[in-house]
Amino acid sequence: MPSVNLKFSSRQKSLPIPNDIIELKIDSLSFNGGRGVGRYGGIVVFVHATAPGETVRARVLTRKARFWTAEVIEILQPSPWRRTPPCPVANQCGGCCWQHVEYSEQVIQKRKILSASLRGLRKQGGEWEDLPFQPAPNEFHYRNRIQLQNRNGQFGFFTKRSHDLVTVDECWIADPQINSQLSNLKPQTAPKIEIAVNSQDGGFSQVNAAQNTVLKSLVLARIKGNPEWVLDLYAGSGNFTGPLAEKLKSAIAAIELSAAAVQRGRRQIQNVTWHAGDVAEVLQQLEPSKGAGLVLLDPPRLGCTVKVLEQLVRHAPKQIIYVSCNPTTFARDAEHLVRSGRYLVESVQGLDMFPQTEHVELVASLCAAT
Ligand SMILES: C[S@@+](CC[C@H](N)C(=O)[O-])C[C@H]1O[C@@H](n2cnc3c(N)ncnc32)[C@H](O)[C@@H]1O
């Protein structure tokens with residue numbers, strides 16, 4: 001572990017220990033946990049519930065070699081982007097970590113997070129300047145599905161950093177149709193319940209319908225030419241497969257682990273070959289198709305395994321469109337493909353599917369290097 005050169009102000013006699021109070025300026029917001037990030041004596045300090053540009057007094061909670069965590073005690077100079085959260089329980093509830101920050105600044109911070117994640121990744125013919133980033137159409141009431149904890153007939157969300165319950169009779173990021181049901185919930189025994197605008201039988205579905213429409217159009221707009229074949233990996237029940245089948249005349253195959261999602265996809269979308277199974281295994285079994293192909297992939301937050309990336313290279317599509325909800329694992333996977341010498345990253349577009357939270361979504365296009 002490289003040593004960290006700590007510089008302290010003349011007033012600071014020794015390194016602060018947990019429970020000591022420090023003063024620091026918050027420079028940015030972080031991806032992991034959405035905390036404010038500042039520096040004290042050169043070391044990174046994460047402080048919950050702070051906003052960029054503000055100076056705070058904070059109590060040191062933990063000290064690791066490379067970073068500390070602290071909790072805010074007093075805001076000495078508030079951020080120009082600090083606001084009173086509209087939700088009365090925003091400061092306790094674990095659902096939203098950025099409601100105290102103006103939405104325009106949330107978008108700027110998300111773009112910076114994306115940009116920082118791409119720092120080590122080579123871009124075809126240039127730098128990652130002026131990354132396009134699409135804000136969400138609605139900063140509130142965008143979720144078409146929420147999950148509530150049930151504690152002895154009381155419904156709510158876990159508090160930040162604990163499993164205590166915050167009861168709610170309205171959720172500011174949930175669709176009004178969901179909120180209208182919150183005050184009339186019947187007693188139930190299940191530890192968790194889900195309320196959805198259009199309930200479906202389990203599995204993954206995009207929760208921000210308005211921004212999902214934007215996401216699909218961003219994906220379609222990136223397709224180059226007329227691919228002869230298309231593989232839609234991590235397809236769910238066909239969120240992208242349907243629009244692909246409508247737009248293209250290509251032979252389309254979709255791969256998805258959840259058998260229930262595949263069943264729904266088969267019912268809803270015609271002229272697509274569905275494979276229920278693990279992406280790496282199915283790709284290994286399939287013979288690579290001939291001609292110019294497109295692979296669209298939208299993996300979970302952990303990204304792809306090396307086995308999946310190796311199979312992508314073996315199938316050798318002319319273009320890869322990568323949808324990701326985690327810029328860190330996207331950058332790792334894209335770097336793997338670039339290092340194979342077979343692909344170049346030509347564009348990355350950020351977008352916000354989850355206002356009031358630290359989550360960042362992106363659509364990237366990689367093209368064959370030859
Ligand atoms: C981020 S979701 C995307 C779903 C879909 N593209 C959409 O937009 O609704 C990831 C999907 O990958 C599936 N999945 C996770 N691990 C998988 C694996 N190893 N092989 C195939 N599918 C997998 C999940 O079931 C989930 O449907």
# chains A, B, ... in the order shown; residues from 1 in each chain; ligands from 1
call {"tool": "residues_around", "arguments": {"residues": "Ala70 in chain A", "least_positions_apart": "5", "cutoff": "6 Å", "atoms": "only C-alpha atoms", "output": "short mmCIF file (atom, residue, chain, number, x, y, z; two decimals) with C-alpha atoms, in the first residue's frame"}}
result
data_model
loop_
_atom_site.label_atom_id
_atom_site.label_comp_id
_atom_site.auth_asym_id
_atom_site.auth_seq_id
_atom_site.Cartn_x
_atom_site.Cartn_y
_atom_site.Cartn_z
CA VAL A 47 -19.46 12.97 4.57
CA ALA A 58 -17.87 17.02 10.86
CA ARG A 59 -17.15 14.26 13.37
CA VAL A 60 -14.70 11.62 12.19
CA LEU A 61 -16.36 8.19 12.19
#
call {"tool": "residues_near_ligand", "arguments": {"ligand": "ligand 1", "cutoff": "8 Å", "atoms": "only C-alpha atoms and all ligand atoms", "output": "compact mmCIF listing (two decimals) with N, CA and C atoms, in the first residue's frame"}}
result
# COMPACT_ATOMS: atom_id res chain seq x y z
N GLY A 203 -39.26 -10.47 -11.73
CA GLY A 203 -38.22 -10.22 -12.73
C GLY A 203 -37.92 -8.74 -12.86
N PHE A 204 -36.89 -8.43 -13.72
CA PHE A 204 -36.43 -7.05 -13.88
C PHE A 204 -37.33 -6.28 -14.82
N SER A 205 -37.59 -5.02 -14.47
CA SER A 205 -38.19 -4.10 -15.45
C SER A 205 -37.71 -2.70 -15.09
N GLN A 206 -37.60 -1.83 -16.09
CA GLN A 206 -37.12 -0.47 -15.86
C GLN A 206 -38.17 0.27 -15.04
N ASP A 232 -29.21 -9.76 -28.42
CA ASP A 232 -29.59 -8.88 -27.30
C ASP A 232 -29.30 -9.67 -26.02
N LEU A 233 -28.24 -9.27 -25.31
CA LEU A 233 -27.80 -10.03 -24.13
C LEU A 233 -28.34 -9.38 -22.85
N TYR A 234 -28.67 -10.21 -21.87
CA TYR A 234 -29.30 -9.74 -20.63
C TYR A 234 -30.60 -9.03 -21.02
N ALA A 235 -31.43 -9.71 -21.76
CA ALA A 235 -32.54 -9.08 -22.48
C ALA A 235 -33.75 -8.81 -21.61
N GLY A 236 -33.82 -9.37 -20.39
CA GLY A 236 -35.04 -9.21 -19.59
C GLY A 236 -36.20 -9.78 -20.38
N SER A 237 -37.34 -9.06 -20.36
CA SER A 237 -38.46 -9.57 -21.15
C SER A 237 -38.57 -8.82 -22.47
N GLY A 238 -37.46 -8.19 -22.89
CA GLY A 238 -37.45 -7.65 -24.26
C GLY A 238 -37.60 -6.15 -24.36
N ASN A 239 -37.20 -5.43 -23.29
CA ASN A 239 -37.28 -3.96 -23.31
C ASN A 239 -36.64 -3.38 -24.57
N PHE A 240 -35.47 -3.91 -24.95
CA PHE A 240 -34.81 -3.44 -26.18
C PHE A 240 -35.11 -4.36 -27.36
N ILE A 255 -30.92 -13.31 -25.17
CA ILE A 255 -30.49 -14.25 -24.12
C ILE A 255 -30.80 -13.64 -22.76
N GLU A 256 -31.43 -14.42 -21.90
CA GLU A 256 -31.83 -13.93 -20.58
C GLU A 256 -31.90 -15.11 -19.61
N LEU A 257 -31.40 -14.88 -18.38
CA LEU A 257 -31.34 -15.95 -17.38
C LEU A 257 -32.73 -16.33 -16.84
N SER A 258 -33.57 -15.32 -16.65
CA SER A 258 -34.87 -15.59 -16.00
C SER A 258 -35.85 -16.23 -16.99
N ALA A 261 -39.02 -14.21 -17.44
CA ALA A 261 -38.86 -13.05 -18.33
C ALA A 261 -38.85 -13.51 -19.79
N ALA A 276 -33.23 -19.08 -22.90
CA ALA A 276 -33.26 -18.89 -21.45
C ALA A 276 -31.99 -19.52 -20.89
N GLY A 277 -31.10 -18.71 -20.30
CA GLY A 277 -29.88 -19.29 -19.76
C GLY A 277 -28.83 -18.22 -19.49
N ASP A 278 -27.70 -18.69 -19.01
CA ASP A 278 -26.59 -17.79 -18.68
C ASP A 278 -25.92 -17.29 -19.97
N VAL A 279 -25.67 -15.99 -20.05
CA VAL A 279 -25.14 -15.40 -21.29
C VAL A 279 -23.86 -16.10 -21.73
N ALA A 280 -22.92 -16.30 -20.80
CA ALA A 280 -21.62 -16.89 -21.18
C ALA A 280 -21.84 -18.29 -21.76
N LEU A 297 -25.86 -5.17 -25.15
CA LEU A 297 -25.84 -5.83 -23.85
C LEU A 297 -26.17 -4.85 -22.74
N ASP A 298 -26.88 -5.36 -21.73
CA ASP A 298 -27.37 -4.53 -20.62
C ASP A 298 -27.26 -5.36 -19.34
N PRO A 299 -26.01 -5.59 -18.89
CA PRO A 299 -25.84 -6.50 -17.75
C PRO A 299 -26.23 -5.85 -16.41
N PRO A 300 -26.36 -6.66 -15.36
CA PRO A 300 -26.58 -6.09 -14.02
C PRO A 300 -25.36 -5.26 -13.59
N ARG A 301 -25.44 -4.64 -12.40
CA ARG A 301 -24.40 -3.69 -11.94
C ARG A 301 -22.99 -4.27 -11.95
N SER A 324 -25.30 0.42 -19.47
CA SER A 324 -24.76 0.07 -18.15
C SER A 324 -25.35 0.95 -17.06
N CYS A 325 -25.58 0.34 -15.90
CA CYS A 325 -26.03 1.13 -14.75
C CYS A 325 -24.87 1.27 -13.76
call {"tool": "residues_around", "arguments": {"residues": "Lys192 in chain A", "least_positions_apart": "2", "cutoff": "10 Å", "atoms": "only C-alpha atoms", "output": "list in words"}}
result
Gln147, Leu148, Gln149, Asn150, Arg151, Phe155, Gly156, Phe157, Gln188, Thr189, Ala190 and Glu194 of chain A
call {"tool": "write_last_selection", "arguments": {"atoms": "N, CA and C atoms", "output": "PDB file, in the first residue's frame"}}
result
ATOM      1  N   GLN A 147     -40.665  -0.824  -3.335  1.00  0.00           N
ATOM      2  CA  GLN A 147     -40.705  -1.946  -2.411  1.00  0.00           C
ATOM      3  C   GLN A 147     -40.729  -1.386  -0.989  1.00  0.00           C
ATOM      4  N   LEU A 148     -41.712  -1.827  -0.209  1.00  0.00           N
ATOM      5  CA  LEU A 148     -41.829  -1.326   1.167  1.00  0.00           C
ATOM      6  C   LEU A 148     -41.486  -2.431   2.147  1.00  0.00           C
ATOM      7  N   GLN A 149     -40.847  -2.075   3.250  1.00  0.00           N
ATOM      8  CA  GLN A 149     -40.607  -3.027   4.336  1.00  0.00           C
ATOM      9  C   GLN A 149     -41.864  -3.071   5.200  1.00  0.00           C
ATOM     10  N   ASN A 150     -42.157  -4.243   5.716  1.00  0.00           N
ATOM     11  CA  ASN A 150     -43.337  -4.417   6.582  1.00  0.00           C
ATOM     12  C   ASN A 150     -42.864  -4.796   7.982  1.00  0.00           C
ATOM     13  N   ARG A 151     -43.057  -3.934   8.936  1.00  0.00           N
ATOM     14  CA  ARG A 151     -42.695  -4.222  10.334  1.00  0.00           C
ATOM     15  C   ARG A 151     -43.972  -4.245  11.144  1.00  0.00           C
ATOM     16  N   PHE A 155     -45.686   0.083   7.365  1.00  0.00           N
ATOM     17  CA  PHE A 155     -44.964   0.007   6.087  1.00  0.00           C
ATOM     18  C   PHE A 155     -44.063   1.218   5.908  1.00  0.00           C
ATOM     19  N   GLY A 156     -42.880   0.981   5.359  1.00  0.00           N
ATOM     20  CA  GLY A 156     -41.975   2.111   5.119  1.00  0.00           C
ATOM     21  C   GLY A 156     -40.678   1.648   4.494  1.00  0.00           C
ATOM     22  N   PHE A 157     -39.684   2.522   4.564  1.00  0.00           N
ATOM     23  CA  PHE A 157     -38.353   2.225   4.008  1.00  0.00           C
ATOM     24  C   PHE A 157     -37.355   2.129   5.152  1.00  0.00           C
ATOM     25  N   GLN A 188     -50.515  -7.323   6.294  1.00  0.00           N
ATOM     26  CA  GLN A 188     -49.964  -8.464   5.548  1.00  0.00           C
ATOM     27  C   GLN A 188     -48.875  -9.098   6.389  1.00  0.00           C
ATOM     28  N   THR A 189     -48.513 -10.329   6.027  1.00  0.00           N
ATOM     29  CA  THR A 189     -47.488 -11.020   6.814  1.00  0.00           C
ATOM     30  C   THR A 189     -46.116 -10.973   6.132  1.00  0.00           C
ATOM     31  N   ALA A 190     -46.093 -10.783   4.812  1.00  0.00           N
ATOM     32  CA  ALA A 190     -44.805 -10.783   4.089  1.00  0.00           C
ATOM     33  C   ALA A 190     -43.898  -9.680   4.629  1.00  0.00           C
ATOM     34  N   GLU A 194     -44.425  -5.143  -2.637  1.00  0.00           N
ATOM     35  CA  GLU A 194     -44.121  -4.300  -3.787  1.00  0.00           C
ATOM     36  C   GLU A 194     -45.419  -3.661  -4.263  1.00  0.00           C
TER      37      GLU A 194
END
call {"tool": "residues_around", "arguments": {"residues": "Trp172 in chain A", "least_positions_apart": "6", "cutoff": "8 Å", "atoms": "only C-alpha atoms", "output": "list in words"}}
result
Pro86, Cys87, Phe140 and His141 of chain A
call {"tool": "atom_distance", "arguments": {"atom1": "CA of Cys304 in chain A", "atom2": "CA of Phe46 in chain A"}}
result
28.6 Å
call {"tool": "select_by_dssp", "arguments": {"residues": "range 50-214 of chain A", "states": "alpha helix (DSSP H)", "output": "list in words"}}
result
Tyr103, Ser104, Glu105, Gln106, Val107, Ile108, Gln109, Lys110, Arg111, Lys112, Ile113, Leu114, Ser115, Ala116, Ser117, Pro176, Gln177, Ile178, Asn179, Ser180, Gln181, Leu182, Ala209, Ala210, Gln211, Asn212, Thr213 and Val214 of chain A
call {"tool": "write_last_selection", "arguments": {"atoms": "C-alpha atoms", "output": "mmCIF file, in the first residue's frame"}}
result
data_model
loop_
_atom_site.group_PDB
_atom_site.id
_atom_site.type_symbol
_atom_site.label_atom_id
_atom_site.label_comp_id
_atom_site.auth_asym_id
_atom_site.auth_seq_id
_atom_site.Cartn_x
_atom_site.Cartn_y
_atom_site.Cartn_z
ATOM 1 C CA TYR A 103 -31.468 18.793 -9.531
ATOM 2 C CA SER A 104 -29.331 20.785 -12.012
ATOM 3 C CA GLU A 105 -26.329 20.211 -9.713
ATOM 4 C CA GLN A 106 -27.177 16.496 -9.293
ATOM 5 C CA VAL A 107 -26.875 16.161 -13.083
ATOM 6 C CA ILE A 108 -23.520 17.988 -13.102
ATOM 7 C CA GLN A 109 -22.234 15.669 -10.360
ATOM 8 C CA LYS A 110 -23.419 12.566 -12.237
ATOM 9 C CA ARG A 111 -21.628 13.731 -15.366
ATOM 10 C CA LYS A 112 -18.450 14.221 -13.293
ATOM 11 C CA ILE A 113 -18.795 10.737 -11.802
ATOM 12 C CA LEU A 114 -19.135 9.281 -15.294
ATOM 13 C CA SER A 115 -16.208 11.296 -16.591
ATOM 14 C CA ALA A 116 -13.992 10.183 -13.672
ATOM 15 C CA SER A 117 -14.885 6.520 -14.312
ATOM 16 C CA PRO A 176 -48.929 9.323 -7.858
ATOM 17 C CA GLN A 177 -50.882 6.084 -8.537
ATOM 18 C CA ILE A 178 -48.587 4.297 -6.075
ATOM 19 C CA ASN A 179 -48.933 7.064 -3.504
ATOM 20 C CA SER A 180 -52.713 6.848 -3.684
ATOM 21 C CA GLN A 181 -52.442 3.249 -2.424
ATOM 22 C CA LEU A 182 -50.021 3.948 0.436
ATOM 23 C CA ALA A 209 -40.889 4.650 -17.760
ATOM 24 C CA ALA A 210 -40.408 8.168 -19.178
ATOM 25 C CA GLN A 211 -36.613 7.968 -19.133
ATOM 26 C CA ASN A 212 -36.752 4.371 -20.392
ATOM 27 C CA THR A 213 -38.393 5.722 -23.572
ATOM 28 C CA VAL A 214 -35.412 8.090 -23.944
#
call {"tool": "residues_around", "arguments": {"residues": "range 316-323 of chain A", "least_positions_apart": "5", "cutoff": "7 Å", "atoms": "only C-alpha atoms", "output": "CSV table (one decimal) with C-alpha atoms, in the first residue's frame"}}
result
chain,number,residue,atom,x,y,z
A,292,ALA,CA,-21.9,-7.8,-39.9
A,293,GLY,CA,-23.5,-8.2,-36.6
A,294,LEU,CA,-24.6,-6.1,-33.6
A,295,VAL,CA,-24.5,-7.1,-29.9
A,296,LEU,CA,-26.5,-5.1,-27.5
A,297,LEU,CA,-25.8,-5.8,-23.8
A,298,ASP,CA,-27.4,-4.5,-20.6
A,362,LEU,CA,-24.9,5.1,-19.8
A,363,VAL,CA,-25.1,4.0,-23.4
A,364,ALA,CA,-21.8,3.3,-25.1
A,365,SER,CA,-21.0,2.3,-28.6
A,366,LEU,CA,-17.9,0.2,-29.5
A,367,CYS,CA,-16.9,-0.6,-33.1
A,368,ALA,CA,-14.7,-3.2,-34.5
